[in-house]
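Undergrad: Here it is, the structure in full.
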Amino acid sequence: MQSNGSSSTTAAQSQASAALSKISPALARAHERIVAQAQSESTSISQLGQYKATVSSLATASNALGGISSKTTASDAVKMVESFIATFNNAIKQANTASNTSGQSQTNASRTLVESKRTLSSTDSSRSQLNKLGITRQQDGTLALDASVLQKSLANAPDATTATLSQLGKVIGKRAESELADKGRLNVASTKSSERALALKQQQSALLSAATSMSQAQTSSASWASKQALLKYSAS
């Protein structure tokens with residue numbers, strides 16, 4: 001459901017497009033293209049922001065798991081693994097959702113999330129190693145945990161089990177932090193989307209200014225109404 005602010009913006013855009021069509025069909029088409037691109041960049045910025053928050057949570061959970069040792073109680077160890085898997089799966093699911101879009105609905109963020117998923121998905125631990133701990137990889141790339149198997153492994157081989165879990169946490173934690181670094185993939189993508197959004201806003205302003213100038217010479221009531229619609233939209 002659209003918010004009141006979103007509905008008002010959409011209505012203003014429609015009025016501006018209608019006004020532009022009366023002044024210049026070419027300008028109207030250019031305006032619609034810019035609006036569509038701006039909406040795509042806005043979606044990208046939102047997607048990246050949400051994903052960065054998820055990856056930040058993954059980094060925290062991964063680093064906590066990286067500190068596990070044979071001195072960690074079994075119950076605490078299971079909780080740490082559960083927390084890690086929950087945040088890992090959230091990141092993978094967000095990337096999966098992005099990868100399921102295609103064509104015009106695919107944003108710049110979609111491609112970034114898919115690339116990030118490839119980086120985070122490589123655990124550096126073999127399937128057999130993880131299976132022995134009750135951790136299995138699902139078809140969609142997420143992880144599932146059989147807590148009873150993990151508890152048994154912790155009881156029978158605490159040193160080996162916690163060493164594998166610690167390595168898993170350290171590897172994923174390092175990769176998550178790399179994704180979040182100032183010059184990492186996610187911040188670079190966010191900056192580019194913000195820059196594109198600003199450039200599109202400037203293009204839109206220039207286009208509306210040109211259209212308003214063109215309408216100055218027109219004196220019909222319809223042209224006057226078009227001018228008012230453009231002025232109102234330009235000020236929004």
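How things are named: the first chain in the structure tokens is A, the next is B, and so on; residues count from 1 in each chain; ligands count from 1 in the order shown.
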Need to verify the contact set: segment 151-156 of chain A, 7 Å, only C-alpha atoms, exclusion of same-chain residues closer than 5 positions in sequence. Can you return it as an MDAnalysis selection string?

TA: chainID A and resid 74 133 161

Undergrad: How would the residues just picked look written out with all heavy atoms as a compact mmCIF listing (two decimals), in the first residue's frame?

TA:
```txt
# COMPACT_ATOMS: atom_id res chain seq x y z
N ALA A 74 27.91 -26.32 26.08
CA ALA A 74 27.18 -26.86 24.93
C ALA A 74 25.96 -26.01 24.60
O ALA A 74 25.67 -25.73 23.43
CB ALA A 74 26.77 -28.30 25.20
N LEU A 133 28.54 -31.75 12.06
CA LEU A 133 28.15 -30.84 13.14
C LEU A 133 26.64 -30.57 13.12
O LEU A 133 26.15 -29.75 13.90
CB LEU A 133 28.90 -29.52 13.01
CG LEU A 133 30.43 -29.59 12.93
CD1 LEU A 133 31.02 -28.20 12.93
CD2 LEU A 133 30.99 -30.41 14.08
N THR A 161 35.17 -30.00 17.23
CA THR A 161 33.91 -29.35 16.86
C THR A 161 34.00 -27.84 16.98
O THR A 161 33.63 -27.10 16.06
CB THR A 161 32.76 -29.87 17.75
OG1 THR A 161 32.63 -31.28 17.58
CG2 THR A 161 31.44 -29.19 17.39
```

Undergrad: Give the alpha helix (DSSP H) residues of segment 104-200 of chain A, as assigned by DSSP on the backbone, as JSON, numbers by chain.

TA: {"A": [108, 109, 110, 111, 112, 113, 114, 115, 116, 117, 118, 119, 120, 121, 127, 128, 129, 130, 131, 132, 147, 148, 149, 150, 151, 152, 153, 154, 155, 156, 158, 159, 160, 161, 162, 163, 164, 165, 166, 167, 168, 169, 170, 171, 172, 173, 174, 175, 176, 177, 178, 179, 180, 185, 186, 187, 188, 189, 190, 191, 192, 193, 194, 195, 196, 197, 198, 199, 200]}

Undergrad: Run DSSP on the backbone and give me the residues of segment 32-178 of chain A it puts in strand (DSSP E), as a compact mmCIF listing (two decimals) with N, CA, C and O atoms, in the first residue's frame.

TA:
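The file below, out22.txt, is the result:
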```txt
# COMPACT_ATOMS: atom_id res chain seq x y z
N ILE A 135 25.08 -29.30 10.51
CA ILE A 135 24.82 -28.14 9.65
C ILE A 135 24.78 -28.60 8.19
O ILE A 135 25.75 -29.18 7.70
N THR A 136 23.67 -28.36 7.54
CA THR A 136 23.53 -28.77 6.14
C THR A 136 23.16 -27.56 5.28
O THR A 136 22.45 -26.66 5.72
N ARG A 137 23.68 -27.57 4.06
CA ARG A 137 23.36 -26.49 3.12
C ARG A 137 22.13 -26.87 2.31
O ARG A 137 22.05 -27.96 1.76
N LEU A 143 21.45 -22.31 5.32
CA LEU A 143 21.93 -23.40 6.17
C LEU A 143 20.83 -23.86 7.11
O LEU A 143 19.99 -23.07 7.53
N ALA A 144 20.85 -25.14 7.44
CA ALA A 144 19.90 -25.70 8.41
C ALA A 144 20.70 -26.41 9.50
O ALA A 144 21.78 -26.95 9.25
N LEU A 145 20.17 -26.37 10.71
CA LEU A 145 20.88 -26.96 11.85
C LEU A 145 20.05 -28.05 12.52
O LEU A 145 18.88 -27.84 12.83
```

Undergrad: Just want the 12 Å neighbourhood of Ser125 of chain A, counted on only C-alpha atoms, with same-chain residues fewer than 2 positions away dropped. Output as a PyMOL selection string.

TA: chain A and resi 121-123+127-133+135-137+163-172

Undergrad: Near segment 185-193 of chain A, within 12 Å and counting only C-alpha atoms, which residues show up once chain neighbours fewer than 4 positions away are dropped, as a PyMOL selection string?

TA: chain A and resi 37-56+107-117+119+175-181+197-200

Undergrad: How many Å separate atom CA of Leu65 of chain A from atom CA of Ala98 of chain A?

TA: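 Separation of atom CA of Leu65 of chain A and atom CA of Ala98 of chain A: 27.5 Å.
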
Undergrad: For atom CA of Ala147 of chain A and atom CA of Ala77 of chain A, determine how far apart the two atoms are, in Å to one decimal place.

TA: 10.1 Å

Undergrad: For a test of reading the model, state the distance in Å between atom CA of Arg196 of chain A and atom CA of Lys183 of chain A, rounded to one decimal.

TA: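 So the answer is 17.9 Å.
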